[in-house]
Amino acid sequence: MRRATASAVLEGIFSGSLSPEEHVMEIYDNIKKWEPKVKGFITLLDEEAVLRRAKEVESLLKDGKRPPLAGLVVAVKDNISTKFAPTTAGSRMLSGYVPPFNATTVERLLAAGAIIIGKTNMDEFAMGSTTELSAFWPTHNPWDLERVPGGSSGGSAAVLAYGGADLALGSDTGGSVRLPAAYTATVGLKPTYGLVSRYGLIPYANSLEQISPMARSVKDVAMLLDVVSGHDPFDATTLNVGPTRTSSVAPEDPSKLSICVPHEMIDGSDPPVRSTILKLLDRLEAEGVKVSYDASLPSAPDALPVYYTIALAEAASNLARYDGKLYPFVVLRPNYTETVTSTRSEGFGREVKRRILLGVMALSEGYRDEFYVAAAKGRRIIRDEVLGMTKKCIIAGAVSPAPPPRLGERISDPLKLYALDVYTVIANLAGVPSLAVPAGFYDGLPLGVQFMASPLEEGKLMALGQLVEDVTGLRGVMA
Ligand code: GLN
C-alpha cells in the first residue's frame, strides 16, 4: 500500500485542502487498527490533547504563519526527553520518570509546528537490534507480524510503516535507525557526528550516537533533518554550523554520481540481500551512475569488535548514574550499598547488565590497553579508511546481512544479535553520515541499502537517495 508522504501532507495543509485536525484523526484511525498488533508506542498521547495541539497549529496557519512542519505528526523514540510525557528509554529503571525539560530536538519540532503523538518502543537504553530487549514488550514488524522491526528504534520505524506518524525521531549509536528502516521499508539517516544536538538524549555511547530522522521518503527525512540540525549551545559536541537545507536538494544528475562498493560492505550477507543490492546498483549504473566494485575497506571486518568495546565502555560509565537517588525507580534496603545494588539489579535487564560488566572490564587496570586502548586505535584506522574513500565516492553496501529475523530468532545468542550491526557500526565509528533507503523486497520482506558520504555531505546522500527511490518506485510505501 502507498500512503501520502509527509511532504504531500504538508502541501495539503498549506493549500487548505487538509486541516491538521482531520489529519490527526486519520492518523488515530491507523493507530487504532494497527497498534494492538504492532505495539510500537510505549506512551501514546491522549487524543484530545493532540487534537488541541492540532487546533493550535491551525490557528497559526490562519494567522498566515507557515512553520516548516505545520500539522505533521511525529513519533519520538522514548530515550529523547519530553517534559509532557514519560521518557523511559525502554527500561524499568526509568519507569515513572518525566523529565523536567524537553530535548533540543523536541523544542525544535514544536517550534516548527509539528504535532508529537507519542513515545516509541525501543531496546532498553538503545542496546539492541530488534526491539525485543525493551523492558516492556517487543514491537512487531507491520510487514510480517511474526518478525522484528529491527532496533533499537524499532517502535519509530514500525509506527511509520503502518501510518501512525508522518515523521519520527530515533537515535543511532551503531545502526539503530538504519536497521529498523531497512526492515520496515522506511528511510533513516544517521547524521554526521555533531550535526544534531544530543541535549536531552538519554546517553548510551556519547561519542558514537546521534538523534536521527526517520520517515517514509528521503525528502521527508531531509525536511525533518533541516528542522532538528545545527549548533546547540546546550550541547558542546555540536558543530558550529547552522541547520541544513537538504529538503531543497533535487534528485542528482546520475552522471555526476560516483559510488564505490567495498566488498567488505556486502561480504557475508545472505544471498537475497546481496542480489537485491547488486540489482539496484546495476539499475543505477544503467541510469549513468559510475559504480566501482574494486574498492576495499580492509579494516571493516574489525569494526564490530571495535564498536562493541567502545560502546560498552561508554555505556558502563553512563549507566553509573542510576543509583536509586536521581530517578524515581528505587528498591529501598536497610543501607545505601544494598539499596544501590538492589536498585541496579532489578532496574536493569539482563543484556544491559551484561554490557555494564563487559564495559567495566574493558576499562579496568590490566585490561584497558588490550581492550579499550586497542579499540580506540582501531577506530582511528577505520575512520581514516572511510574518510579516504568518501573523498572520492559515495560508499554503498548492505544495511543488515539478513532480512528481518523472526521474533526470538536472534536474542538468545548475543553474538548472533551483535552480528546484525556489522555494516552499520562503520559510519558511527567514522562519524560520517549514512542513509538507509528501501532497496527492494524478498519474499514480502523489506530490504535496505546503505550509503555513506563525507562529514556534512547529507545533501549528497539525499540527492542519491531520491534517485534510488525513482529507480525502485519505493517512495512512501506502507504495510
Ligand atoms: N545494535 C547496536 C547496539 O546494540 C546499535 C544500537 C544503537 O544504534 N543504539 O549497540
# chains A, B, ... in the order shown; residues from 1 in each chain; ligands from 1

call {"tool": "residues_near_ligand", "arguments": {"ligand": "ligand 1", "cutoff": "9 Å", "atoms": "only C-alpha atoms and all ligand atoms", "output": "mmCIF file with all heavy atoms, in the first residue's frame"}}
result
data_model
loop_
_atom_site.group_PDB
_atom_site.id
_atom_site.type_symbol
_atom_site.label_atom_id
_atom_site.label_comp_id
_atom_site.auth_asym_id
_atom_site.auth_seq_id
_atom_site.Cartn_x
_atom_site.Cartn_y
_atom_site.Cartn_z
ATOM 1 N N ASP A 123 14.751 -0.986 22.322
ATOM 2 C CA ASP A 123 15.551 -1.847 23.186
ATOM 3 C C ASP A 123 16.028 -1.010 24.367
ATOM 4 O O ASP A 123 16.340 0.179 24.217
ATOM 5 C CB ASP A 123 16.764 -2.390 22.417
ATOM 6 C CG ASP A 123 16.357 -3.334 21.307
ATOM 7 O OD1 ASP A 123 15.813 -4.399 21.602
ATOM 8 O OD2 ASP A 123 16.576 -2.985 20.121
ATOM 9 N N PHE A 125 17.703 1.154 26.847
ATOM 10 C CA PHE A 125 18.832 2.082 26.703
ATOM 11 C C PHE A 125 19.447 2.049 25.298
ATOM 12 O O PHE A 125 20.626 2.328 25.115
ATOM 13 C CB PHE A 125 19.902 1.850 27.770
ATOM 14 C CG PHE A 125 19.475 2.342 29.125
ATOM 15 C CD1 PHE A 125 19.093 1.443 30.112
ATOM 16 C CD2 PHE A 125 19.398 3.698 29.417
ATOM 17 C CE1 PHE A 125 18.655 1.893 31.358
ATOM 18 C CE2 PHE A 125 18.966 4.156 30.655
ATOM 19 C CZ PHE A 125 18.593 3.258 31.632
ATOM 20 N N ALA A 126 18.642 1.660 24.313
ATOM 21 C CA ALA A 126 19.078 1.606 22.903
ATOM 22 C C ALA A 126 20.102 0.504 22.643
ATOM 23 O O ALA A 126 20.823 0.536 21.653
ATOM 24 C CB ALA A 126 19.606 2.964 22.420
ATOM 25 N N MET A 127 20.158 -0.473 23.548
ATOM 26 C CA MET A 127 21.120 -1.563 23.384
ATOM 27 C C MET A 127 20.425 -2.765 22.758
ATOM 28 O O MET A 127 19.829 -3.579 23.467
ATOM 29 C CB MET A 127 21.697 -1.951 24.738
ATOM 30 C CG MET A 127 22.441 -0.806 25.380
ATOM 31 S SD MET A 127 22.954 -1.265 27.028
ATOM 32 C CE MET A 127 23.700 0.272 27.559
ATOM 33 N N GLY A 128 20.515 -2.859 21.450
ATOM 34 C CA GLY A 128 19.887 -3.986 20.782
ATOM 35 C C GLY A 128 19.606 -3.663 19.342
ATOM 36 O O GLY A 128 19.817 -2.535 18.883
ATOM 37 N N SER A 129 19.142 -4.659 18.611
ATOM 38 C CA SER A 129 18.948 -4.505 17.168
ATOM 39 C C SER A 129 17.587 -5.008 16.719
ATOM 40 O O SER A 129 17.343 -5.144 15.519
ATOM 41 C CB SER A 129 20.037 -5.283 16.422
ATOM 42 O OG SER A 129 21.303 -4.903 16.907
ATOM 43 N N THR A 130 16.704 -5.327 17.656
ATOM 44 C CA THR A 130 15.430 -5.933 17.263
ATOM 45 C C THR A 130 14.212 -5.365 18.001
ATOM 46 O O THR A 130 13.080 -5.704 17.661
ATOM 47 C CB THR A 130 15.456 -7.450 17.533
ATOM 48 O OG1 THR A 130 15.649 -7.666 18.942
ATOM 49 C CG2 THR A 130 16.555 -8.145 16.753
ATOM 50 N N GLY A 151 16.031 -2.734 15.418
ATOM 51 C CA GLY A 151 16.158 -1.925 16.632
ATOM 52 C C GLY A 151 17.474 -1.181 16.605
ATOM 53 O O GLY A 151 18.247 -1.331 15.669
ATOM 54 N N SER A 152 17.651 -0.322 17.553
ATOM 55 C CA SER A 152 16.783 -0.192 18.686
ATOM 56 C C SER A 152 15.586 0.749 18.473
ATOM 57 O O SER A 152 14.663 0.750 19.285
ATOM 58 C CB SER A 152 17.582 0.302 19.890
ATOM 59 O OG SER A 152 18.126 1.584 19.641
ATOM 60 N N SER A 153 15.574 1.527 17.379
ATOM 61 C CA SER A 153 14.450 2.455 17.161
ATOM 62 C C SER A 153 13.304 1.742 16.449
ATOM 63 O O SER A 153 12.648 2.319 15.566
ATOM 64 C CB SER A 153 14.904 3.667 16.337
ATOM 65 O OG SER A 153 16.127 4.178 16.798
ATOM 66 N N GLY A 170 14.553 8.860 15.883
ATOM 67 C CA GLY A 170 15.169 7.703 16.509
ATOM 68 C C GLY A 170 16.523 8.145 17.013
ATOM 69 O O GLY A 170 16.846 9.340 17.025
ATOM 70 N N SER A 171 17.332 7.195 17.451
ATOM 71 C CA SER A 171 18.728 7.517 17.736
ATOM 72 C C SER A 171 19.557 6.392 17.164
ATOM 73 O O SER A 171 19.094 5.255 17.067
ATOM 74 C CB SER A 171 18.972 7.661 19.239
ATOM 75 O OG SER A 171 18.769 6.420 19.882
ATOM 76 N N ASP A 172 20.773 6.738 16.731
ATOM 77 C CA ASP A 172 21.612 5.757 16.047
ATOM 78 C C ASP A 172 23.009 5.803 16.656
ATOM 79 O O ASP A 172 23.736 6.776 16.495
ATOM 80 C CB ASP A 172 21.646 6.092 14.552
ATOM 81 C CG ASP A 172 22.256 4.986 13.700
ATOM 82 O OD1 ASP A 172 23.369 4.532 14.033
ATOM 83 O OD2 ASP A 172 21.638 4.581 12.693
ATOM 84 N N THR A 173 23.345 4.755 17.390
ATOM 85 C CA THR A 173 24.656 4.641 18.035
ATOM 86 C C THR A 173 25.542 3.711 17.211
ATOM 87 O O THR A 173 26.755 3.893 17.118
ATOM 88 C CB THR A 173 24.479 4.064 19.461
ATOM 89 O OG1 THR A 173 23.446 4.773 20.129
ATOM 90 C CG2 THR A 173 25.763 4.156 20.259
ATOM 91 N N GLY A 174 24.876 2.695 16.624
ATOM 92 C CA GLY A 174 25.615 1.736 15.801
ATOM 93 C C GLY A 174 24.725 1.156 14.708
ATOM 94 O O GLY A 174 25.009 0.076 14.195
ATOM 95 N N GLY A 175 23.637 1.852 14.409
ATOM 96 C CA GLY A 175 22.745 1.369 13.347
ATOM 97 C C GLY A 175 21.276 1.433 13.700
ATOM 98 O O GLY A 175 20.415 1.014 12.916
ATOM 99 N N SER A 176 20.974 1.989 14.856
ATOM 100 C CA SER A 176 19.608 1.889 15.387
ATOM 101 C C SER A 176 18.510 2.617 14.632
ATOM 102 O O SER A 176 17.345 2.391 14.918
ATOM 103 C CB SER A 176 19.573 2.324 16.845
ATOM 104 O OG SER A 176 19.925 1.238 17.645
ATOM 105 N N VAL A 177 18.808 3.503 13.698
ATOM 106 C CA VAL A 177 17.715 3.943 12.825
ATOM 107 C C VAL A 177 17.812 3.255 11.459
ATOM 108 O O VAL A 177 16.802 3.029 10.800
ATOM 109 C CB VAL A 177 17.596 5.484 12.597
ATOM 110 C CG1 VAL A 177 17.467 6.231 13.889
ATOM 111 C CG2 VAL A 177 18.688 6.015 11.738
ATOM 112 N N ARG A 178 19.024 2.891 11.049
ATOM 113 C CA ARG A 178 19.161 2.342 9.702
ATOM 114 C C ARG A 178 18.668 0.894 9.618
ATOM 115 O O ARG A 178 18.032 0.498 8.635
ATOM 116 C CB ARG A 178 20.620 2.471 9.250
ATOM 117 C CG ARG A 178 20.993 3.923 8.923
ATOM 118 C CD ARG A 178 22.481 4.137 8.886
ATOM 119 N NE ARG A 178 23.076 4.063 10.211
ATOM 120 C CZ ARG A 178 24.319 3.694 10.469
ATOM 121 N NH1 ARG A 178 25.108 3.342 9.473
ATOM 122 N NH2 ARG A 178 24.776 3.678 11.714
ATOM 123 N N LEU A 179 18.947 0.123 10.639
ATOM 124 C CA LEU A 179 18.481 -1.270 10.632
ATOM 125 C C LEU A 179 16.946 -1.327 10.642
ATOM 126 O O LEU A 179 16.347 -2.005 9.798
ATOM 127 C CB LEU A 179 19.083 -2.001 11.839
ATOM 128 C CG LEU A 179 19.173 -3.504 11.750
ATOM 129 C CD1 LEU A 179 20.154 -3.923 10.675
ATOM 130 C CD2 LEU A 179 19.630 -4.073 13.093
ATOM 131 N N TYR A 204 23.730 6.459 25.698
ATOM 132 C CA TYR A 204 24.222 5.075 25.677
ATOM 133 C C TYR A 204 25.729 5.164 25.437
ATOM 134 O O TYR A 204 26.513 4.829 26.322
ATOM 135 C CB TYR A 204 23.455 4.288 24.609
ATOM 136 C CG TYR A 204 24.079 3.010 24.101
ATOM 137 C CD1 TYR A 204 25.076 2.341 24.797
ATOM 138 C CD2 TYR A 204 23.640 2.439 22.906
ATOM 139 C CE1 TYR A 204 25.629 1.161 24.304
ATOM 140 C CE2 TYR A 204 24.182 1.257 22.418
ATOM 141 C CZ TYR A 204 25.184 0.631 23.113
ATOM 142 O OH TYR A 204 25.734 -0.520 22.620
ATOM 143 N N ALA A 205 26.147 5.639 24.265
ATOM 144 C CA ALA A 205 27.574 5.781 23.975
ATOM 145 C C ALA A 205 27.786 7.113 23.251
ATOM 146 O O ALA A 205 27.676 7.202 22.018
ATOM 147 C CB ALA A 205 28.059 4.624 23.128
ATOM 148 N N LEU A 208 29.480 8.064 19.809
ATOM 149 C CA LEU A 208 29.032 7.380 18.593
ATOM 150 C C LEU A 208 27.653 7.820 18.129
ATOM 151 O O LEU A 208 27.315 7.674 16.963
ATOM 152 C CB LEU A 208 28.988 5.862 18.849
ATOM 153 C CG LEU A 208 30.322 5.204 19.184
ATOM 154 C CD1 LEU A 208 30.110 3.880 19.914
ATOM 155 C CD2 LEU A 208 31.130 4.961 17.912
ATOM 156 N N GLU A 209 26.823 8.335 19.057
ATOM 157 C CA GLU A 209 25.404 8.438 18.711
ATOM 158 C C GLU A 209 24.929 9.820 18.298
ATOM 159 O O GLU A 209 25.494 10.825 18.675
ATOM 160 C CB GLU A 209 24.532 7.915 19.852
ATOM 161 C CG GLU A 209 24.602 8.681 21.144
ATOM 162 C CD GLU A 209 24.242 7.769 22.336
ATOM 163 O OE1 GLU A 209 23.945 6.579 22.141
ATOM 164 O OE2 GLU A 209 24.269 8.265 23.471
ATOM 165 N N GLN A 210 23.852 9.781 17.545
ATOM 166 C CA GLN A 210 23.163 10.978 17.080
ATOM 167 C C GLN A 210 21.665 10.714 17.110
ATOM 168 O O GLN A 210 21.219 9.625 16.724
ATOM 169 C CB GLN A 210 23.550 11.280 15.627
ATOM 170 C CG GLN A 210 24.900 11.935 15.475
ATOM 171 C CD GLN A 210 24.886 13.399 15.876
ATOM 172 O OE1 GLN A 210 24.429 14.253 15.156
ATOM 173 N NE2 GLN A 210 25.395 13.704 17.068
ATOM 174 N N TYR A 307 33.678 -1.459 17.725
ATOM 175 C CA TYR A 307 32.460 -0.746 18.142
ATOM 176 C C TYR A 307 31.990 -1.241 19.503
ATOM 177 O O TYR A 307 31.712 -0.441 20.407
ATOM 178 C CB TYR A 307 31.347 -0.929 17.100
ATOM 179 C CG TYR A 307 29.987 -0.517 17.636
ATOM 180 C CD1 TYR A 307 29.601 0.821 17.640
ATOM 181 C CD2 TYR A 307 29.104 -1.461 18.171
ATOM 182 C CE1 TYR A 307 28.365 1.208 18.165
ATOM 183 C CE2 TYR A 307 27.871 -1.081 18.695
ATOM 184 C CZ TYR A 307 27.509 0.255 18.694
ATOM 185 O OH TYR A 307 26.304 0.620 19.219
ATOM 186 N N TYR A 308 31.850 -2.551 19.652
ATOM 187 C CA TYR A 308 31.280 -3.055 20.906
ATOM 188 C C TYR A 308 32.180 -2.760 22.105
ATOM 189 O O TYR A 308 31.696 -2.541 23.209
ATOM 190 C CB TYR A 308 30.876 -4.537 20.784
ATOM 191 C CG TYR A 308 29.441 -4.628 20.279
ATOM 192 C CD1 TYR A 308 29.165 -4.773 18.922
ATOM 193 C CD2 TYR A 308 28.370 -4.474 21.146
ATOM 194 C CE1 TYR A 308 27.851 -4.792 18.458
ATOM 195 C CE2 TYR A 308 27.050 -4.492 20.700
ATOM 196 C CZ TYR A 308 26.799 -4.659 19.360
ATOM 197 O OH TYR A 308 25.497 -4.660 18.916
ATOM 198 N N ALA A 311 31.576 1.144 22.654
ATOM 199 C CA ALA A 311 30.190 1.425 23.063
ATOM 200 C C ALA A 311 29.947 0.933 24.486
ATOM 201 O O ALA A 311 29.331 1.627 25.299
ATOM 202 C CB ALA A 311 29.215 0.765 22.091
ATOM 203 N N LEU A 312 30.450 -0.255 24.799
ATOM 204 C CA LEU A 312 30.171 -0.808 26.127
ATOM 205 C C LEU A 312 30.954 -0.072 27.219
ATOM 206 O O LEU A 312 30.452 0.103 28.335
ATOM 207 C CB LEU A 312 30.455 -2.320 26.146
ATOM 208 C CG LEU A 312 29.259 -3.193 25.726
ATOM 209 C CD1 LEU A 312 28.516 -2.680 24.524
ATOM 210 C CD2 LEU A 312 29.647 -4.649 25.572
ATOM 211 N N LEU A 417 23.086 -11.618 17.707
ATOM 212 C CA LEU A 417 22.395 -10.331 17.726
ATOM 213 C C LEU A 417 23.354 -9.220 17.285
ATOM 214 O O LEU A 417 23.037 -8.405 16.421
ATOM 215 C CB LEU A 417 21.882 -10.067 19.143
ATOM 216 C CG LEU A 417 20.985 -8.860 19.325
ATOM 217 C CD1 LEU A 417 19.620 -9.111 18.661
ATOM 218 C CD2 LEU A 417 20.758 -8.577 20.808
ATOM 219 N N TYR A 418 24.539 -9.212 17.860
ATOM 220 C CA TYR A 418 25.508 -8.152 17.539
ATOM 221 C C TYR A 418 25.892 -8.205 16.051
ATOM 222 O O TYR A 418 26.194 -7.182 15.445
ATOM 223 C CB TYR A 418 26.780 -8.271 18.397
ATOM 224 C CG TYR A 418 26.572 -8.209 19.902
ATOM 225 C CD1 TYR A 418 27.616 -8.515 20.781
ATOM 226 C CD2 TYR A 418 25.344 -7.848 20.451
ATOM 227 C CE1 TYR A 418 27.444 -8.460 22.165
ATOM 228 C CE2 TYR A 418 25.159 -7.805 21.832
ATOM 229 C CZ TYR A 418 26.205 -8.114 22.682
ATOM 230 O OH TYR A 418 26.031 -8.072 24.042
ATOM 231 N N ALA A 419 25.872 -9.427 15.489
ATOM 232 C CA ALA A 419 26.308 -9.582 14.096
ATOM 233 C C ALA A 419 25.416 -8.815 13.116
ATOM 234 O O ALA A 419 25.835 -8.513 11.996
ATOM 235 C CB ALA A 419 26.341 -11.062 13.726
ATOM 236 N N LEU A 420 24.197 -8.472 13.542
ATOM 237 C CA LEU A 420 23.314 -7.711 12.645
ATOM 238 C C LEU A 420 23.868 -6.317 12.354
ATOM 239 O O LEU A 420 23.459 -5.663 11.410
ATOM 240 C CB LEU A 420 21.905 -7.575 13.258
ATOM 241 C CG LEU A 420 21.088 -8.862 13.376
ATOM 242 C CD1 LEU A 420 19.797 -8.609 14.136
ATOM 243 C CD2 LEU A 420 20.784 -9.433 11.989
ATOM 244 N N ASP A 421 24.783 -5.837 13.199
ATOM 245 C CA ASP A 421 25.271 -4.465 13.085
ATOM 246 C C ASP A 421 26.585 -4.348 12.298
ATOM 247 O O ASP A 421 27.189 -3.288 12.258
ATOM 248 C CB ASP A 421 25.515 -3.871 14.483
ATOM 249 C CG ASP A 421 24.320 -4.037 15.398
ATOM 250 O OD1 ASP A 421 23.191 -3.979 14.889
ATOM 251 O OD2 ASP A 421 24.513 -4.241 16.608
ATOM 252 N N THR A 424 26.606 -1.459 9.813
ATOM 253 C CA THR A 424 26.134 -0.123 10.210
ATOM 254 C C THR A 424 27.083 0.592 11.163
ATOM 255 O O THR A 424 27.157 1.823 11.148
ATOM 256 C CB THR A 424 24.732 -0.197 10.873
ATOM 257 O OG1 THR A 424 24.728 -1.234 11.843
ATOM 258 C CG2 THR A 424 23.659 -0.424 9.837
ATOM 259 N N VAL A 425 27.811 -0.158 11.997
ATOM 260 C CA VAL A 425 28.648 0.492 13.016
ATOM 261 C C VAL A 425 29.783 1.309 12.400
ATOM 262 O O VAL A 425 30.317 2.219 13.040
ATOM 263 C CB VAL A 425 29.239 -0.536 14.017
ATOM 264 C CG1 VAL A 425 28.132 -1.221 14.807
ATOM 265 C CG2 VAL A 425 30.122 -1.559 13.331
ATOM 266 N N ASN A 428 29.254 5.045 12.368
ATOM 267 C CA ASN A 428 29.326 5.657 13.703
ATOM 268 C C ASN A 428 30.772 5.785 14.155
ATOM 269 O O ASN A 428 31.156 6.793 14.756
ATOM 270 C CB ASN A 428 28.530 4.826 14.715
ATOM 271 C CG ASN A 428 27.084 4.637 14.280
ATOM 272 O OD1 ASN A 428 26.825 3.825 13.396
ATOM 273 N ND2 ASN A 428 26.169 5.395 14.847
#

call {"tool": "residues_around", "arguments": {"residues": "Tyr372 of chain A", "least_positions_apart": "2", "cutoff": "8 Å", "atoms": "only C-alpha atoms", "output": "list in words"}}
result
Thr309, Ile310, Ala313, Ala362, Leu363, Tyr367, Arg368, Asp369, Glu370, Ala374, Ala375 and Ala376 of chain A

call {"tool": "write_last_selection", "arguments": {"atoms": "N, CA and C atoms", "output": "PDB file, in the first residue's frame"}}
result
ATOM      1  N   THR A 309      33.483  -2.734  21.911  1.00  0.00           N
ATOM      2  CA  THR A 309      34.379  -2.390  23.024  1.00  0.00           C
ATOM      3  C   THR A 309      34.172  -0.933  23.445  1.00  0.00           C
ATOM      4  N   ILE A 310      34.151  -0.033  22.470  1.00  0.00           N
ATOM      5  CA  ILE A 310      33.996   1.395  22.799  1.00  0.00           C
ATOM      6  C   ILE A 310      32.593   1.679  23.331  1.00  0.00           C
ATOM      7  N   ALA A 313      32.165   0.367  26.886  1.00  0.00           N
ATOM      8  CA  ALA A 313      32.933   1.148  27.871  1.00  0.00           C
ATOM      9  C   ALA A 313      32.188   2.455  28.179  1.00  0.00           C
ATOM     10  N   ALA A 362      36.531  -3.712  30.083  1.00  0.00           N
ATOM     11  CA  ALA A 362      37.348  -3.123  29.016  1.00  0.00           C
ATOM     12  C   ALA A 362      38.116  -1.897  29.488  1.00  0.00           C
ATOM     13  N   LEU A 363      37.650  -1.267  30.573  1.00  0.00           N
ATOM     14  CA  LEU A 363      38.312  -0.058  31.079  1.00  0.00           C
ATOM     15  C   LEU A 363      39.208  -0.343  32.289  1.00  0.00           C
ATOM     16  N   TYR A 367      43.441  -4.586  31.826  1.00  0.00           N
ATOM     17  CA  TYR A 367      42.746  -4.943  30.577  1.00  0.00           C
ATOM     18  C   TYR A 367      42.629  -3.763  29.624  1.00  0.00           C
ATOM     19  N   ARG A 368      42.780  -2.540  30.189  1.00  0.00           N
ATOM     20  CA  ARG A 368      42.482  -1.332  29.425  1.00  0.00           C
ATOM     21  C   ARG A 368      43.273  -1.262  28.115  1.00  0.00           C
ATOM     22  N   ASP A 369      44.585  -1.544  28.195  1.00  0.00           N
ATOM     23  CA  ASP A 369      45.398  -1.436  26.984  1.00  0.00           C
ATOM     24  C   ASP A 369      44.955  -2.443  25.930  1.00  0.00           C
ATOM     25  N   GLU A 370      44.678  -3.651  26.418  1.00  0.00           N
ATOM     26  CA  GLU A 370      44.334  -4.723  25.499  1.00  0.00           C
ATOM     27  C   GLU A 370      42.974  -4.491  24.840  1.00  0.00           C
ATOM     28  N   ALA A 374      43.206  -0.440  22.540  1.00  0.00           N
ATOM     29  CA  ALA A 374      43.334  -1.086  21.220  1.00  0.00           C
ATOM     30  C   ALA A 374      42.138  -0.712  20.341  1.00  0.00           C
ATOM     31  N   ALA A 375      40.950  -0.678  20.935  1.00  0.00           N
ATOM     32  CA  ALA A 375      39.754  -0.337  20.149  1.00  0.00           C
ATOM     33  C   ALA A 375      39.823   1.109  19.669  1.00  0.00           C
ATOM     34  N   ALA A 376      40.318   1.999  20.531  1.00  0.00           N
ATOM     35  CA  ALA A 376      40.421   3.404  20.138  1.00  0.00           C
ATOM     36  C   ALA A 376      41.357   3.547  18.934  1.00  0.00           C
TER      37      ALA A 376
END

call {"tool": "residues_around", "arguments": {"residues": "Lys37 of chain A", "least_positions_apart": "2", "cutoff": "10 Å", "atoms": "only C-alpha atoms", "output": "JSON, numbers by chain"}}
result
{"A": [31, 32, 33, 34, 35, 39, 40, 139, 140, 141, 142, 145]}

call {"tool": "write_last_selection", "arguments": {"atoms": "N, CA, C and O atoms", "output": "PDB file, in the first residue's frame"}}
result
ATOM      1  N   ILE A  31      -3.754   4.101  13.896  1.00  0.00           N
ATOM      2  CA  ILE A  31      -3.217   3.606  15.166  1.00  0.00           C
ATOM      3  C   ILE A  31      -4.191   2.601  15.792  1.00  0.00           C
ATOM      4  O   ILE A  31      -3.779   1.531  16.259  1.00  0.00           O
ATOM      5  N   LYS A  32      -5.475   2.936  15.749  1.00  0.00           N
ATOM      6  CA  LYS A  32      -6.458   2.025  16.362  1.00  0.00           C
ATOM      7  C   LYS A  32      -6.460   0.681  15.653  1.00  0.00           C
ATOM      8  O   LYS A  32      -6.644  -0.363  16.266  1.00  0.00           O
ATOM      9  N   LYS A  33      -6.255   0.719  14.349  1.00  0.00           N
ATOM     10  CA  LYS A  33      -6.269  -0.521  13.575  1.00  0.00           C
ATOM     11  C   LYS A  33      -5.008  -1.358  13.822  1.00  0.00           C
ATOM     12  O   LYS A  33      -5.067  -2.571  13.974  1.00  0.00           O
ATOM     13  N   TRP A  34      -3.878  -0.712  13.878  1.00  0.00           N
ATOM     14  CA  TRP A  34      -2.609  -1.441  13.868  1.00  0.00           C
ATOM     15  C   TRP A  34      -1.951  -1.635  15.230  1.00  0.00           C
ATOM     16  O   TRP A  34      -1.266  -2.625  15.472  1.00  0.00           O
ATOM     17  N   GLU A  35      -2.098  -0.635  16.084  1.00  0.00           N
ATOM     18  CA  GLU A  35      -1.280  -0.621  17.298  1.00  0.00           C
ATOM     19  C   GLU A  35      -1.462  -1.863  18.188  1.00  0.00           C
ATOM     20  O   GLU A  35      -0.484  -2.376  18.737  1.00  0.00           O
ATOM     21  N   LYS A  39       2.293  -2.773  18.550  1.00  0.00           N
ATOM     22  CA  LYS A  39       2.822  -2.292  19.837  1.00  0.00           C
ATOM     23  C   LYS A  39       4.084  -1.441  19.680  1.00  0.00           C
ATOM     24  O   LYS A  39       5.141  -1.713  20.247  1.00  0.00           O
ATOM     25  N   GLY A  40       3.960  -0.416  18.881  1.00  0.00           N
ATOM     26  CA  GLY A  40       5.102   0.451  18.606  1.00  0.00           C
ATOM     27  C   GLY A  40       5.281   1.586  19.603  1.00  0.00           C
ATOM     28  O   GLY A  40       6.367   2.147  19.724  1.00  0.00           O
ATOM     29  N   THR A 139       8.187  -5.076  19.885  1.00  0.00           N
ATOM     30  CA  THR A 139       7.376  -4.483  18.810  1.00  0.00           C
ATOM     31  C   THR A 139       7.405  -5.433  17.620  1.00  0.00           C
ATOM     32  O   THR A 139       8.418  -6.104  17.380  1.00  0.00           O
ATOM     33  N   HIS A 140       6.285  -5.512  16.905  1.00  0.00           N
ATOM     34  CA  HIS A 140       6.195  -6.413  15.751  1.00  0.00           C
ATOM     35  C   HIS A 140       6.329  -5.630  14.451  1.00  0.00           C
ATOM     36  O   HIS A 140       5.955  -4.468  14.381  1.00  0.00           O
ATOM     37  N   ASN A 141       6.829  -6.300  13.437  1.00  0.00           N
ATOM     38  CA  ASN A 141       7.023  -5.660  12.136  1.00  0.00           C
ATOM     39  C   ASN A 141       5.699  -5.658  11.361  1.00  0.00           C
ATOM     40  O   ASN A 141       5.138  -6.719  11.108  1.00  0.00           O
ATOM     41  N   PRO A 142       5.182  -4.477  10.993  1.00  0.00           N
ATOM     42  CA  PRO A 142       3.890  -4.430  10.296  1.00  0.00           C
ATOM     43  C   PRO A 142       3.878  -5.220   8.980  1.00  0.00           C
ATOM     44  O   PRO A 142       2.816  -5.646   8.535  1.00  0.00           O
ATOM     45  N   LEU A 145       3.978  -9.770  11.027  1.00  0.00           N
ATOM     46  CA  LEU A 145       3.873  -9.598  12.485  1.00  0.00           C
ATOM     47  C   LEU A 145       4.693 -10.616  13.279  1.00  0.00           C
ATOM     48  O   LEU A 145       4.934 -10.435  14.469  1.00  0.00           O
TER      49      LEU A 145
END

call {"tool": "atom_distance", "arguments": {"atom1": "atom CA of Leu94 of chain A", "atom2": "atom CA of Phe348 of chain A"}}
result
9.5 Å

call {"tool": "residues_around", "arguments": {"residues": "Lys55 of chain A", "least_positions_apart": "5", "cutoff": "9 Å", "atoms": "only C-alpha atoms", "output": "list in words"}}
result
Ser19, Pro20, Glu21, Val50 and Leu60 of chain A

call {"tool": "write_last_selection", "arguments": {"atoms": "C-alpha atoms", "output": "CSV table (one decimal), in the first residue's frame"}}
result
chain,number,residue,atom,x,y,z
A,19,SER,CA,-6.7,20.5,8.2
A,20,PRO,CA,-4.3,19.4,10.9
A,21,GLU,CA,-7.2,18.2,12.9
A,50,VAL,CA,-3.2,16.0,20.5
A,60,LEU,CA,-1.0,29.6,13.4

call {"tool": "closest_residue", "arguments": {"among": "A:Lys377, A:Arg406, A:Lys460, A:Lys353", "to": "Cys393 of chain A", "atoms": "only C-alpha atoms"}}
result
A:Lys460

call {"tool": "select_by_dssp", "arguments": {"residues": "segment 192-435 of chain A", "states": "alpha helix (DSSP H)", "output": "MDAnalysis selection string"}}
result
chainID A and resid 218:228 271:286 303:318 336:347 350:363 374:390 414:418 425:430

call {"tool": "closest_residue", "arguments": {"among": "A:Ala295, A:Leu189, A:Leu160, A:Leu304", "to": "Glu457 of chain A", "atoms": "only C-alpha atoms"}}
result
A:Leu189

call {"tool": "closest_residue", "arguments": {"among": "A:Ala168, A:Ala316, A:Ile42, A:Ala75", "to": "Trp137 of chain A", "atoms": "only C-alpha atoms"}}
result
A:Ile42
